[in-house]
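Trainee: Take a look at this one; I'll ask things after.
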Amino acid sequence: MEKFIVKGRTPLSGRVKISGSKNSAVALLPAAVMTSETVCLENLPDITDVRTMIEILENLGVSIRRRGRDVLELTPGNLSKIAPSYELVKKMRASYYFMGSLLARFGQAEVPIPGGCDLGPRPIDQHLKGFTALGAAINIEHGMIKLSAKKLTGARIYLDVVSIGATVNMMLAAAAAEGRTVLENVAKEPEIVDLANFLNAMGASVKGAGTDVIRIDGTKSFKGAMHAVIPDRIEAGTFMMAAAATGGQVTVEDVIPKHLEAITAKIREIGGKVEVDPEKITVKWVSPLVPSDLKTFPYPGFPTDLQPPGMVLLTAAKGLSVITENVFDGRYNHVDELKRMGARIKVEGRTALIDGGAPLTGAPVAATDLRSGAALIIAALTADGESQISAVEHIDRGYDSFEQKLTGLGASIYRKNDESYDQQSGKVD
Ligand code: EPZ
């Protein structure tokens with residue numbers, strides 16, 4: 001295990017290039033197995049989740065050639081298996097996308113039931129409802145989800161919950177179903193649009209991605225394609241809020257400002273100055289920051305993945321702010337860790353009350369998921385003194401070269417082994 005050592009009271013300043021989107025990459029990589037031809041994906045982030053996906057694909061029999069730091073060529077050819085490796089799949093939830101892509105290619109898939117994680121319960125009932133509607137038979141036994149379909153047939157599916165994962169899985173399976181599928185009440189995130197563009201480049205017919213209704217006319221077979229992953233709006237938003245929280249000025253480059261409108265609006269409301277250019281955004285701290293309310297919603301609302309960094313920003317605004325987490329039950333594991341640094345926060349159900357303004361003090365804290373880990377680093381950068389953030393493997397899952405990018409912005413942060421980390425309890429001694 002490793003930890004980050006961070007020295008506080010460091011305003012971040014400078015420019016940072018944003019990497020490709022983790023949440024797009026982990027959907028595009030499983031989608032590649034829908035064709036036997038060669039696929040080329042560019043602007044892939046170099047993160048643990050992508051490396052795990054690559055291991056799963058190679059284990060399935062996909063031949064993969066790296067064509068540069070962020071470019072991969074994949075030839076699924078004749079896959080040898082329909083069941084991704086159990087050990088690898090257990091490492092990351094998004095591997096359940098192989099249910100949709102293997103079902104589309106082979107009419108069969110076997111994937112372990114995905115684990116929960118520190119965001120609260122994460123059911124997959126909508127995924128299973130959709131697969132059943134498309135004609136798949138589902139058997140859950142020995143911790144595995146076994147899907148099979150002699151033929152997938154287009155259907156009208158109304159998602160009870162706006163779910164990114166369920167929308168992705170339905171798009172993958174419906175792309176190969178016979179006839180038309182109409183998906184309603186779907187997620188509208190940019191990553192959904194990115195997947196639709198990739199599927200269409202492979203010969204699919206997906207229309208309406210980015211709206212509430214997606215229409216898919218099934219395709220018999222798919223061809224190879226090239227595709228560049230969209231920029232990571234969550235990484236960009238993390239740096240934008242870090243700039244305002246640390247009292248600095250940061251330009252995030254290679255972004256799509258449209259994807260960041262909710263974050264730009266919220267930072268302006270809290271008092272930061274935000275300049276928007278066609279492919280970059282500059283955030284400048286302006287004193288004093290203003291306490292505000294922050295509510296998370298599916299896109300285009302404020303993203304739940306930026307709620308933890310948003311909370312740190314609000315601890316720097318003097319007065320009472322209110323956060324309402326509307327997407328996940330219990331996405332407040334970072335609160336106890338922030339309280340170790342002196343943050344004054346009270347959680348009641350989905351609501352967190354932040355009494356901001358008092359400076360934080362450095363302390364030993366632990367990341368519980370990648371976004372809370374990023375938030376703790378931002379808090380450590382604003383705090384008096386030194387902090388240690390353990391369990392950084394969470395952060396490595398979704399932030400490409402995070403400490404290098406922060407160092408480039410003037411942060412004092414370095415990684416070291418964490419002898420004190422107790423493997424059993426998963427907590428810092
Ligand atoms: C995706 O997770 C993201 N992961 C998450 O990002 C993100 O937090 C989440 O969407 C919400 O935006 C990836 O894209 C790989 P959901 P996902 O299905 O698809 C409920 C990160 O930090 N639900 O949109 O698992 C669910 O419980 C990660 O990058 C059902 O009830 O989320 C939740 O309350 C963390 N039944 C809500 O929907 C289902 O069948 C939204 O979940 C599916 C979901």
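Scheme for the structure tokens: letters A, B, ... for chains in order shown; per-chain residue numbers from 1; ligand numbers from 1 in order shown.
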Show which residues sit within 6 Å of region 354-370 of chain A, as an MDAnalysis selection string. Count only C-alpha atoms, and ignore same-chain residues fewer than 5 positions away.
Mentor: chainID A and resid 315:321 337 341:342 344:345 380 383:391 394:395
Trainee: Would you mind exporting C-alpha atoms of the selected residues as a CSV table (one decimal), in the first residue's frame?
Mentor:
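Okay, this is what ended up in again_6.csv:
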chain,number,residue,atom,x,y,z
A,315,THR,CA,-15.4,24.2,3.7
A,316,ALA,CA,-13.3,27.2,2.5
A,317,ALA,CA,-16.4,29.4,2.2
A,318,LYS,CA,-17.3,31.2,5.4
A,319,GLY,CA,-20.9,30.4,6.5
A,320,LEU,CA,-23.4,27.6,6.1
A,321,SER,CA,-23.6,25.5,2.9
A,337,GLU,CA,-11.9,12.0,7.1
A,341,MET,CA,-8.7,17.9,9.4
A,342,GLY,CA,-11.1,20.2,11.4
A,344,ARG,CA,-17.2,21.3,10.6
A,345,ILE,CA,-19.7,19.0,8.7
A,380,ALA,CA,-4.6,18.7,2.4
A,383,ALA,CA,-4.7,22.8,5.2
A,384,ASP,CA,-2.1,24.1,7.7
A,385,GLY,CA,0.7,21.7,7.9
A,386,GLU,CA,1.3,18.2,6.5
A,387,SER,CA,-1.2,15.5,5.7
A,388,GLN,CA,-0.8,11.8,4.9
A,389,ILE,CA,-3.5,10.3,2.6
A,390,SER,CA,-3.4,6.5,2.6
A,391,ALA,CA,-5.0,3.9,0.3
A,394,HIS,CA,-8.2,4.2,-5.0
A,395,ILE,CA,-7.0,7.4,-6.6
Trainee: Check every protein, DNA and RNA residue against ligand 1, keep those with an atom at most 6 Å away (counting only C-alpha atoms and all ligand atoms), and present them as a list in words.
Mentor: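 Residues satisfying the distance criterion: Asn23, Ala94, Pro121, Arg122, Pro123, Ile124, Asp125, Gln126, His127, Val161, Val162, Ser163, Ile164, Gly165, Ala166, Thr304, Asp305, Val327, Phe328, Leu370 and Arg371 of chain A.
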Trainee: Limited to C-alpha atoms, could you put the picked residues into a file as a tab-separated table (two decimals), in the first residue's frame?
Mentor:
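Output contents, as saved in part15.tsv:
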chain	number	residue	atom	x	y	z
A	23	ASN	CA	-15.93	6.42	-17.45
A	94	ALA	CA	-17.44	-1.57	-14.85
A	121	PRO	CA	-25.88	-0.04	-2.41
A	122	ARG	CA	-25.35	-0.42	-6.15
A	123	PRO	CA	-28.01	-2.77	-7.51
A	124	ILE	CA	-28.11	-3.95	-11.15
A	125	ASP	CA	-31.83	-4.69	-11.38
A	126	GLN	CA	-32.27	-2.30	-14.32
A	127	HIS	CA	-29.51	-4.02	-16.27
A	161	VAL	CA	-33.84	4.76	-12.53
A	162	VAL	CA	-31.58	6.96	-14.65
A	163	SER	CA	-28.53	4.69	-14.68
A	164	ILE	CA	-25.33	5.15	-16.67
A	165	GLY	CA	-24.39	1.49	-16.31
A	166	ALA	CA	-27.79	0.18	-17.33
A	304	THR	CA	-22.16	13.15	-7.96
A	305	ASP	CA	-18.49	12.31	-8.67
A	327	VAL	CA	-27.75	10.00	-6.83
A	328	PHE	CA	-26.27	7.62	-4.25
A	370	LEU	CA	-11.25	7.60	-5.90
A	371	ARG	CA	-13.31	10.79	-5.67
Trainee: Rounded to one decimal place, report the CA of Ala262 (chain A)-CA of Pro309 (chain A) distance in Å.
Mentor: 14.0 Å
Trainee: Neighbouring residues of Pro300 (chain A) were defined as those with any atom within 8 Å, considering only C-alpha atoms; residues of the same chain fewer than 2 positions away were excluded. Please report them as a ChimeraX atom specification.
Mentor: /A:188-189,259,262,297-298,302-303
Trainee: Can you work out the spacing between CA of Gly237 (chain A) and CA of Asn185 (chain A) in Å, to one decimal?
Mentor: 25.7 Å
Trainee: Excluding Glu348 (chain A) and residues on its chain fewer than 2 positions from it, collect all residues at most 12 Å away from it, counting only C-alpha atoms, and give them as a PyMOL selection string.
Mentor: chain A and resi 322-325+329-332+335+345-346+350-354
Trainee: Go ahead and write the selection's residues with C-alpha atoms as an mmCIF file, in the first residue's frame.
Mentor:
data_model
loop_
_atom_site.group_PDB
_atom_site.id
_atom_site.type_symbol
_atom_site.label_atom_id
_atom_site.label_comp_id
_atom_site.auth_asym_id
_atom_site.auth_seq_id
_atom_site.Cartn_x
_atom_site.Cartn_y
_atom_site.Cartn_z
ATOM 1 C CA VAL A 322 -25.862 22.580 2.198
ATOM 2 C CA ILE A 323 -25.070 19.579 -0.008
ATOM 3 C CA THR A 324 -27.798 17.181 -1.146
ATOM 4 C CA GLU A 325 -26.582 13.889 -2.661
ATOM 5 C CA ASP A 329 -27.438 6.607 -0.793
ATOM 6 C CA GLY A 330 -24.546 7.289 1.502
ATOM 7 C CA ARG A 331 -21.837 8.940 -0.563
ATOM 8 C CA TYR A 332 -20.411 10.684 2.510
ATOM 9 C CA VAL A 335 -16.877 13.403 5.762
ATOM 10 C CA ILE A 345 -19.727 19.030 8.723
ATOM 11 C CA LYS A 346 -22.949 17.350 9.831
ATOM 12 C CA ARG A 350 -28.725 12.576 1.965
ATOM 13 C CA THR A 351 -27.924 16.060 3.288
ATOM 14 C CA ALA A 352 -24.611 17.421 4.535
ATOM 15 C CA LEU A 353 -24.398 20.761 6.360
ATOM 16 C CA ILE A 354 -21.029 22.477 6.033
#
Trainee: Quick one: residues within 9 Å of Tyr399 (chain A), only C-alpha atoms counted, chain neighbours fewer than 2 positions away excluded, as a list in words?
Mentor: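 Returned residues: Ser19, Lys22, Pro45, Asp46, Ile47, Thr48, Glu235, Leu370, Ala374, Ile395, Asp396, Arg397, Ser401 and Phe402 of chain A.
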Trainee: Filtering to N, CA and C atoms, could you give me those residues as a PDB file, in the first residue's frame?
Mentor:
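Result file follows (out.pdb):
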ATOM      1  N   SER A  19      -6.707  14.278 -19.181  1.00  0.00           N
ATOM      2  CA  SER A  19      -6.608  12.989 -19.886  1.00  0.00           C
ATOM      3  C   SER A  19      -7.970  12.546 -20.400  1.00  0.00           C
ATOM      4  N   LYS A  22     -12.141   8.312 -17.925  1.00  0.00           N
ATOM      5  CA  LYS A  22     -12.159   6.956 -17.355  1.00  0.00           C
ATOM      6  C   LYS A  22     -13.508   6.314 -17.644  1.00  0.00           C
ATOM      7  N   PRO A  45      -6.846   7.090 -20.935  1.00  0.00           N
ATOM      8  CA  PRO A  45      -6.073   7.495 -19.755  1.00  0.00           C
ATOM      9  C   PRO A  45      -5.233   6.321 -19.245  1.00  0.00           C
ATOM     10  N   ASP A  46      -4.049   6.635 -18.699  1.00  0.00           N
ATOM     11  CA  ASP A  46      -3.184   5.567 -18.158  1.00  0.00           C
ATOM     12  C   ASP A  46      -3.523   5.417 -16.670  1.00  0.00           C
ATOM     13  N   ILE A  47      -4.563   4.647 -16.376  1.00  0.00           N
ATOM     14  CA  ILE A  47      -5.064   4.476 -15.007  1.00  0.00           C
ATOM     15  C   ILE A  47      -5.267   2.983 -14.726  1.00  0.00           C
ATOM     16  N   THR A  48      -5.384   2.645 -13.452  1.00  0.00           N
ATOM     17  CA  THR A  48      -5.492   1.224 -13.086  1.00  0.00           C
ATOM     18  C   THR A  48      -6.718   0.571 -13.717  1.00  0.00           C
ATOM     19  N   GLU A 235     -12.177  14.628 -14.037  1.00  0.00           N
ATOM     20  CA  GLU A 235     -10.802  15.053 -13.727  1.00  0.00           C
ATOM     21  C   GLU A 235     -10.695  16.572 -13.864  1.00  0.00           C
ATOM     22  N   LEU A 370     -12.168   6.703  -5.181  1.00  0.00           N
ATOM     23  CA  LEU A 370     -11.252   7.598  -5.897  1.00  0.00           C
ATOM     24  C   LEU A 370     -11.629   9.060  -5.762  1.00  0.00           C
ATOM     25  N   ALA A 374      -9.409  12.070  -4.014  1.00  0.00           N
ATOM     26  CA  ALA A 374      -9.030  13.343  -4.666  1.00  0.00           C
ATOM     27  C   ALA A 374      -9.433  14.516  -3.779  1.00  0.00           C
ATOM     28  N   ILE A 395      -7.136   6.256  -5.773  1.00  0.00           N
ATOM     29  CA  ILE A 395      -6.960   7.439  -6.637  1.00  0.00           C
ATOM     30  C   ILE A 395      -6.355   7.024  -7.970  1.00  0.00           C
ATOM     31  N   ASP A 396      -5.421   6.067  -7.896  1.00  0.00           N
ATOM     32  CA  ASP A 396      -4.741   5.605  -9.128  1.00  0.00           C
ATOM     33  C   ASP A 396      -5.718   4.948 -10.095  1.00  0.00           C
ATOM     34  N   ARG A 397      -6.897   4.523  -9.563  1.00  0.00           N
ATOM     35  CA  ARG A 397      -7.866   3.866 -10.460  1.00  0.00           C
ATOM     36  C   ARG A 397      -8.385   4.830 -11.512  1.00  0.00           C
ATOM     37  N   SER A 401      -1.670  10.078 -13.542  1.00  0.00           N
ATOM     38  CA  SER A 401      -0.507  10.908 -13.137  1.00  0.00           C
ATOM     39  C   SER A 401      -0.921  12.069 -12.239  1.00  0.00           C
ATOM     40  N   PHE A 402      -1.755  11.771 -11.252  1.00  0.00           N
ATOM     41  CA  PHE A 402      -2.352  12.838 -10.436  1.00  0.00           C
ATOM     42  C   PHE A 402      -1.282  13.651  -9.701  1.00  0.00           C
TER      43      PHE A 402
END
Trainee: Counting only C-alpha atoms, which residue out of A:Gly272, A:Gly154, A:Pro30, A:Pro231 sits closest to Ile18 (chain A)?
Mentor: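 For Ile18 (chain A), the nearest of the given residues is A:Pro231.
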Trainee: Nearest to Trp285 (chain A) among A:Ile138, A:Ala31, A:Leu12, A:Ile5, with distances taken over only C-alpha atoms: which residue is it?
Mentor: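 Under the stated criterion, the closest residue is A:Leu12.
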Trainee: Which polymer residues have any atom within 12 Å of an atom of Thr238 (chain A), counting only C-alpha atoms, with same-chain residues fewer than 6 positions away left out, as an mmCIF file with N, CA and C atoms, in the first residue's frame?
Mentor:
data_model
loop_
_atom_site.group_PDB
_atom_site.id
_atom_site.type_symbol
_atom_site.label_atom_id
_atom_site.label_comp_id
_atom_site.auth_asym_id
_atom_site.auth_seq_id
_atom_site.Cartn_x
_atom_site.Cartn_y
_atom_site.Cartn_z
ATOM 1 N N VAL A 16 -2.849 22.552 -16.837
ATOM 2 C CA VAL A 16 -2.795 21.082 -16.756
ATOM 3 C C VAL A 16 -3.586 20.478 -17.919
ATOM 4 N N ILE A 18 -5.799 17.711 -19.510
ATOM 5 C CA ILE A 18 -6.734 16.711 -18.991
ATOM 6 C C ILE A 18 -6.663 15.451 -19.842
ATOM 7 N N ASP A 232 -11.815 13.810 -19.827
ATOM 8 C CA ASP A 232 -12.452 13.417 -18.564
ATOM 9 C C ASP A 232 -12.975 14.654 -17.838
ATOM 10 N N ALA A 244 -9.974 26.824 -7.028
ATOM 11 C CA ALA A 244 -10.752 27.778 -6.204
ATOM 12 C C ALA A 244 -10.532 27.505 -4.718
ATOM 13 N N ALA A 245 -10.442 26.231 -4.348
ATOM 14 C CA ALA A 245 -10.320 25.893 -2.904
ATOM 15 C C ALA A 245 -8.956 26.301 -2.354
ATOM 16 N N VAL A 250 -5.850 28.113 -12.118
ATOM 17 C CA VAL A 250 -5.489 26.932 -12.913
ATOM 18 C C VAL A 250 -6.251 26.946 -14.236
ATOM 19 N N THR A 251 -5.530 26.627 -15.319
ATOM 20 C CA THR A 251 -6.169 26.428 -16.618
ATOM 21 C C THR A 251 -6.179 24.939 -16.946
ATOM 22 N N VAL A 252 -7.391 24.395 -17.163
ATOM 23 C CA VAL A 252 -7.497 22.985 -17.571
ATOM 24 C C VAL A 252 -7.595 22.975 -19.089
ATOM 25 N N LEU A 260 -18.825 20.758 -18.857
ATOM 26 C CA LEU A 260 -18.466 21.270 -17.522
ATOM 27 C C LEU A 260 -19.333 22.448 -17.093
ATOM 28 N N ILE A 263 -20.382 22.649 -13.413
ATOM 29 C CA ILE A 263 -19.261 22.937 -12.503
ATOM 30 C C ILE A 263 -18.873 24.414 -12.624
ATOM 31 N N THR A 264 -18.823 24.907 -13.861
ATOM 32 C CA THR A 264 -18.502 26.329 -14.086
ATOM 33 C C THR A 264 -19.514 27.217 -13.365
ATOM 34 N N ILE A 267 -18.981 27.047 -9.482
ATOM 35 C CA ILE A 267 -17.775 27.751 -9.001
ATOM 36 C C ILE A 267 -18.008 29.260 -9.054
ATOM 37 N N VAL A 283 -9.791 28.830 -14.022
ATOM 38 C CA VAL A 283 -10.496 29.144 -12.769
ATOM 39 C C VAL A 283 -9.552 29.933 -11.879
ATOM 40 N N PRO A 303 -22.501 16.753 -11.173
ATOM 41 C CA PRO A 303 -22.204 15.319 -11.084
ATOM 42 C C PRO A 303 -21.883 14.843 -9.665
ATOM 43 N N THR A 304 -22.425 13.707 -9.287
ATOM 44 C CA THR A 304 -22.162 13.146 -7.959
ATOM 45 C C THR A 304 -20.666 12.899 -7.752
ATOM 46 N N ASP A 305 -19.930 12.603 -8.820
ATOM 47 C CA ASP A 305 -18.495 12.309 -8.667
ATOM 48 C C ASP A 305 -17.696 13.534 -8.239
ATOM 49 N N LEU A 306 -18.303 14.717 -8.395
ATOM 50 C CA LEU A 306 -17.597 15.928 -7.956
ATOM 51 C C LEU A 306 -18.180 16.476 -6.655
ATOM 52 N N GLN A 307 -19.061 15.721 -6.035
ATOM 53 C CA GLN A 307 -19.612 16.153 -4.725
ATOM 54 C C GLN A 307 -18.532 16.188 -3.658
ATOM 55 N N PRO A 308 -17.651 15.155 -3.543
ATOM 56 C CA PRO A 308 -16.582 15.251 -2.524
ATOM 57 C C PRO A 308 -15.639 16.439 -2.715
ATOM 58 N N PRO A 309 -15.099 16.665 -3.935
ATOM 59 C CA PRO A 309 -14.283 17.890 -4.095
ATOM 60 C C PRO A 309 -15.096 19.162 -3.855
ATOM 61 N N GLY A 310 -16.378 19.136 -4.246
ATOM 62 C CA GLY A 310 -17.237 20.306 -4.022
ATOM 63 C C GLY A 310 -17.398 20.593 -2.541
ATOM 64 N N MET A 311 -17.436 19.528 -1.746
ATOM 65 C CA MET A 311 -17.570 19.706 -0.290
ATOM 66 C C MET A 311 -16.328 20.409 0.276
ATOM 67 N N VAL A 312 -15.153 20.008 -0.231
ATOM 68 C CA VAL A 312 -13.913 20.650 0.250
ATOM 69 C C VAL A 312 -13.930 22.130 -0.121
ATOM 70 N N LEU A 313 -14.365 22.441 -1.317
ATOM 71 C CA LEU A 313 -14.424 23.849 -1.726
ATOM 72 C C LEU A 313 -15.349 24.624 -0.780
ATOM 73 N N LEU A 370 -12.168 6.703 -5.181
ATOM 74 C CA LEU A 370 -11.252 7.598 -5.897
ATOM 75 C C LEU A 370 -11.629 9.060 -5.762
ATOM 76 N N ARG A 371 -12.927 9.367 -5.730
ATOM 77 C CA ARG A 371 -13.313 10.785 -5.672
ATOM 78 C C ARG A 371 -13.102 11.347 -4.250
ATOM 79 N N SER A 372 -13.334 10.519 -3.235
ATOM 80 C CA SER A 372 -13.075 11.009 -1.874
ATOM 81 C C SER A 372 -11.566 11.169 -1.691
ATOM 82 N N GLY A 373 -10.783 10.291 -2.339
ATOM 83 C CA GLY A 373 -9.327 10.416 -2.254
ATOM 84 C C GLY A 373 -8.860 11.730 -2.856
ATOM 85 N N ALA A 374 -9.409 12.070 -4.014
ATOM 86 C CA ALA A 374 -9.030 13.343 -4.666
ATOM 87 C C ALA A 374 -9.433 14.516 -3.779
ATOM 88 N N ALA A 375 -10.603 14.401 -3.148
ATOM 89 C CA ALA A 375 -11.090 15.484 -2.274
ATOM 90 C C ALA A 375 -10.162 15.661 -1.083
ATOM 91 N N LEU A 376 -9.678 14.554 -0.520
ATOM 92 C CA LEU A 376 -8.777 14.644 0.648
ATOM 93 C C LEU A 376 -7.456 15.303 0.260
ATOM 94 N N ILE A 377 -6.999 15.064 -0.953
ATOM 95 C CA ILE A 377 -5.759 15.724 -1.412
ATOM 96 C C ILE A 377 -5.982 17.221 -1.537
ATOM 97 N N ILE A 378 -7.127 17.613 -2.096
ATOM 98 C CA ILE A 378 -7.433 19.051 -2.205
ATOM 99 C C ILE A 378 -7.504 19.665 -0.807
ATOM 100 N N ALA A 379 -8.160 18.964 0.119
ATOM 101 C CA ALA A 379 -8.255 19.477 1.497
ATOM 102 C C ALA A 379 -6.859 19.623 2.098
ATOM 103 N N GLY A 398 -8.490 6.137 -11.160
ATOM 104 C CA GLY A 398 -9.196 7.020 -12.084
ATOM 105 C C GLY A 398 -8.539 8.340 -12.387
ATOM 106 N N TYR A 399 -7.363 8.600 -11.767
ATOM 107 C CA TYR A 399 -6.679 9.869 -12.053
ATOM 108 C C TYR A 399 -5.302 9.548 -12.626
ATOM 109 N N PHE A 402 -1.755 11.771 -11.252
ATOM 110 C CA PHE A 402 -2.352 12.838 -10.436
ATOM 111 C C PHE A 402 -1.282 13.651 -9.701
ATOM 112 N N LYS A 405 0.712 15.845 -12.071
ATOM 113 C CA LYS A 405 -0.048 17.026 -12.525
ATOM 114 C C LYS A 405 -0.131 18.067 -11.411
ATOM 115 N N LEU A 406 -0.334 17.613 -10.176
ATOM 116 C CA LEU A 406 -0.423 18.559 -9.055
ATOM 117 C C LEU A 406 0.940 19.220 -8.809
#
Trainee: Need the shell around Met92 (chain A): protein/DNA/RNA residues with any atom at most 12 Å away, counting only C-alpha atoms. Skip same-chain ones fewer than 6 positions apart. Format as an MDAnalysis selection string?
Mentor: chainID A and resid 23 26 48:53 55:56 84:86 98 111:117 369 394 397:398
Trainee: Report as a Markdown table: every residue of region 31-132 of chain A with an atom at most 6 Å from region 218-225 of chain A, its closest pair of atoms, and their distance in Å to one decimal, counting only C-alpha atoms, with rows sorted by chain and ascending residue number.
Mentor:
| residue | atom | partner | partner_atom | distance |
| --- | --- | --- | --- | --- |
| A:Thr35 | CA | A:Phe222 | CA | 5.0 |
| A:Glu37 | CA | A:Gly224 | CA | 4.7 |
| A:Thr38 | CA | A:Gly224 | CA | 4.9 |
| A:Val39 | CA | A:Gly224 | CA | 4.8 |
Trainee: Tell me, which residues of region 29-228 of chain A carry DSSP strand (DSSP E), written as a compact mmCIF listing (two decimals) with N, CA and C atoms, in the first residue's frame?
Mentor:
# COMPACT_ATOMS: atom_id res chain seq x y z
N VAL A 39 -9.75 -2.65 -33.79
CA VAL A 39 -10.27 -1.38 -33.28
C VAL A 39 -9.09 -0.58 -32.74
N CYS A 40 -9.10 0.74 -32.98
CA CYS A 40 -8.03 1.58 -32.43
C CYS A 40 -8.65 2.66 -31.55
N LEU A 41 -8.23 2.67 -30.28
CA LEU A 41 -8.75 3.67 -29.33
C LEU A 41 -7.63 4.62 -28.95
N GLU A 42 -7.89 5.93 -29.09
CA GLU A 42 -6.88 6.95 -28.76
C GLU A 42 -7.34 7.75 -27.54
N SER A 63 -6.10 -9.75 -28.92
CA SER A 63 -4.69 -9.36 -29.05
C SER A 63 -4.63 -7.83 -29.05
N ILE A 64 -3.72 -7.32 -28.22
CA ILE A 64 -3.66 -5.87 -27.98
C ILE A 64 -2.24 -5.37 -28.23
N ARG A 65 -2.15 -4.27 -29.01
CA ARG A 65 -0.85 -3.67 -29.29
C ARG A 65 -0.91 -2.20 -28.85
N ARG A 66 0.06 -1.79 -28.08
CA ARG A 66 0.09 -0.39 -27.64
C ARG A 66 0.76 0.44 -28.75
N LEU A 72 -4.29 2.43 -28.21
CA LEU A 72 -4.30 0.96 -28.20
C LEU A 72 -4.93 0.44 -29.48
N GLU A 73 -4.38 -0.65 -30.02
CA GLU A 73 -5.01 -1.36 -31.12
C GLU A 73 -5.46 -2.71 -30.58
N LEU A 74 -6.74 -3.05 -30.78
CA LEU A 74 -7.27 -4.30 -30.24
C LEU A 74 -7.85 -5.12 -31.40
N THR A 75 -7.49 -6.42 -31.45
CA THR A 75 -8.09 -7.31 -32.46
C THR A 75 -8.76 -8.47 -31.72
N GLN A 108 -24.05 -15.11 -25.39
CA GLN A 108 -23.76 -15.72 -24.08
C GLN A 108 -22.79 -14.83 -23.31
N ALA A 109 -22.89 -14.85 -21.98
CA ALA A 109 -21.90 -14.13 -21.15
C ALA A 109 -22.00 -14.66 -19.73
N GLU A 110 -20.85 -14.72 -19.06
CA GLU A 110 -20.83 -15.11 -17.65
C GLU A 110 -19.95 -14.13 -16.89
N VAL A 111 -20.55 -13.38 -16.00
CA VAL A 111 -19.81 -12.31 -15.31
C VAL A 111 -20.13 -12.40 -13.81
N PRO A 112 -19.13 -12.28 -12.94
CA PRO A 112 -19.42 -12.32 -11.50
C PRO A 112 -20.36 -11.17 -11.12
N ALA A 137 -32.01 -15.08 -21.34
CA ALA A 137 -32.34 -15.85 -20.13
C ALA A 137 -31.21 -15.59 -19.14
N ILE A 138 -31.57 -15.39 -17.87
CA ILE A 138 -30.55 -15.04 -16.86
C ILE A 138 -30.60 -16.05 -15.72
N ASN A 139 -29.40 -16.58 -15.40
CA ASN A 139 -29.26 -17.49 -14.27
C ASN A 139 -28.22 -16.92 -13.32
N ILE A 140 -28.58 -16.79 -12.04
CA ILE A 140 -27.58 -16.30 -11.09
C ILE A 140 -27.25 -17.46 -10.15
N GLU A 141 -26.02 -17.97 -10.24
CA GLU A 141 -25.63 -19.07 -9.35
C GLU A 141 -24.13 -19.02 -9.10
N MET A 144 -22.19 -15.97 -9.90
CA MET A 144 -22.03 -15.57 -11.30
C MET A 144 -23.37 -15.21 -11.91
N ILE A 145 -23.35 -14.26 -12.83
CA ILE A 145 -24.54 -13.94 -13.63
C ILE A 145 -24.33 -14.59 -15.00
N LYS A 146 -25.19 -15.58 -15.33
CA LYS A 146 -25.04 -16.27 -16.61
C LYS A 146 -26.18 -15.84 -17.53
N LEU A 147 -25.82 -15.24 -18.65
CA LEU A 147 -26.83 -14.76 -19.60
C LEU A 147 -26.72 -15.55 -20.89
N SER A 148 -27.87 -15.87 -21.49
CA SER A 148 -27.84 -16.52 -22.81
C SER A 148 -29.07 -16.11 -23.59
N ARG A 156 -38.97 -2.25 -26.30
CA ARG A 156 -39.09 -0.90 -25.72
C ARG A 156 -38.80 -1.05 -24.23
N ILE A 157 -37.80 -0.36 -23.73
CA ILE A 157 -37.37 -0.51 -22.33
C ILE A 157 -37.38 0.85 -21.66
N TYR A 158 -38.08 0.94 -20.55
CA TYR A 158 -38.16 2.20 -19.79
C TYR A 158 -37.38 1.99 -18.50
N ARG A 180 -35.84 -3.00 -33.89
CA ARG A 180 -35.64 -1.71 -33.21
C ARG A 180 -35.79 -1.83 -31.71
N THR A 181 -34.89 -1.19 -30.98
CA THR A 181 -35.01 -1.05 -29.53
C THR A 181 -35.17 0.44 -29.23
N VAL A 182 -36.12 0.72 -28.32
CA VAL A 182 -36.28 2.10 -27.85
C VAL A 182 -36.00 2.11 -26.35
N LEU A 183 -34.96 2.84 -25.97
CA LEU A 183 -34.59 2.94 -24.55
C LEU A 183 -35.07 4.30 -24.03
N GLU A 184 -35.85 4.27 -22.95
CA GLU A 184 -36.39 5.53 -22.43
C GLU A 184 -35.95 5.78 -20.99
N SER A 205 -26.42 1.31 -35.44
CA SER A 205 -27.33 2.43 -35.75
C SER A 205 -27.97 2.89 -34.45
N VAL A 206 -27.29 3.82 -33.78
CA VAL A 206 -27.73 4.33 -32.47
C VAL A 206 -28.07 5.80 -32.63
N LYS A 207 -29.32 6.16 -32.31
CA LYS A 207 -29.72 7.57 -32.47
C LYS A 207 -30.29 8.10 -31.15
N VAL A 213 -34.28 9.59 -24.78
CA VAL A 213 -34.71 8.42 -25.57
C VAL A 213 -33.65 8.05 -26.60
N ILE A 214 -33.22 6.80 -26.57
CA ILE A 214 -32.23 6.31 -27.54
C ILE A 214 -32.89 5.23 -28.40
N ARG A 215 -32.80 5.39 -29.73
CA ARG A 215 -33.37 4.42 -30.67
C ARG A 215 -32.23 3.64 -31.33
N ILE A 216 -32.33 2.32 -31.27
CA ILE A 216 -31.25 1.50 -31.84
C ILE A 216 -31.85 0.50 -32.81
N ASP A 217 -31.39 0.48 -34.07
CA ASP A 217 -31.79 -0.56 -35.02
C ASP A 217 -30.65 -1.58 -35.08
N MET A 226 -11.86 3.39 -35.61
CA MET A 226 -10.92 4.21 -34.81
C MET A 226 -11.75 5.18 -34.00
N HIS A 227 -11.32 5.48 -32.78
CA HIS A 227 -12.12 6.41 -31.97
C HIS A 227 -11.23 7.06 -30.91
N ALA A 228 -11.42 8.36 -30.71
CA ALA A 228 -10.69 9.08 -29.66
C ALA A 228 -11.62 9.31 -28.48
Trainee: Rank A:Asp212, A:Glu279, A:Glu58, A:Glu403 by their smallest atom-to-atom distance to Phe239 (chain A), using only C-alpha atoms, and report the top residue only.
Mentor: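 Nearest to Phe239 (chain A): A:Glu403.
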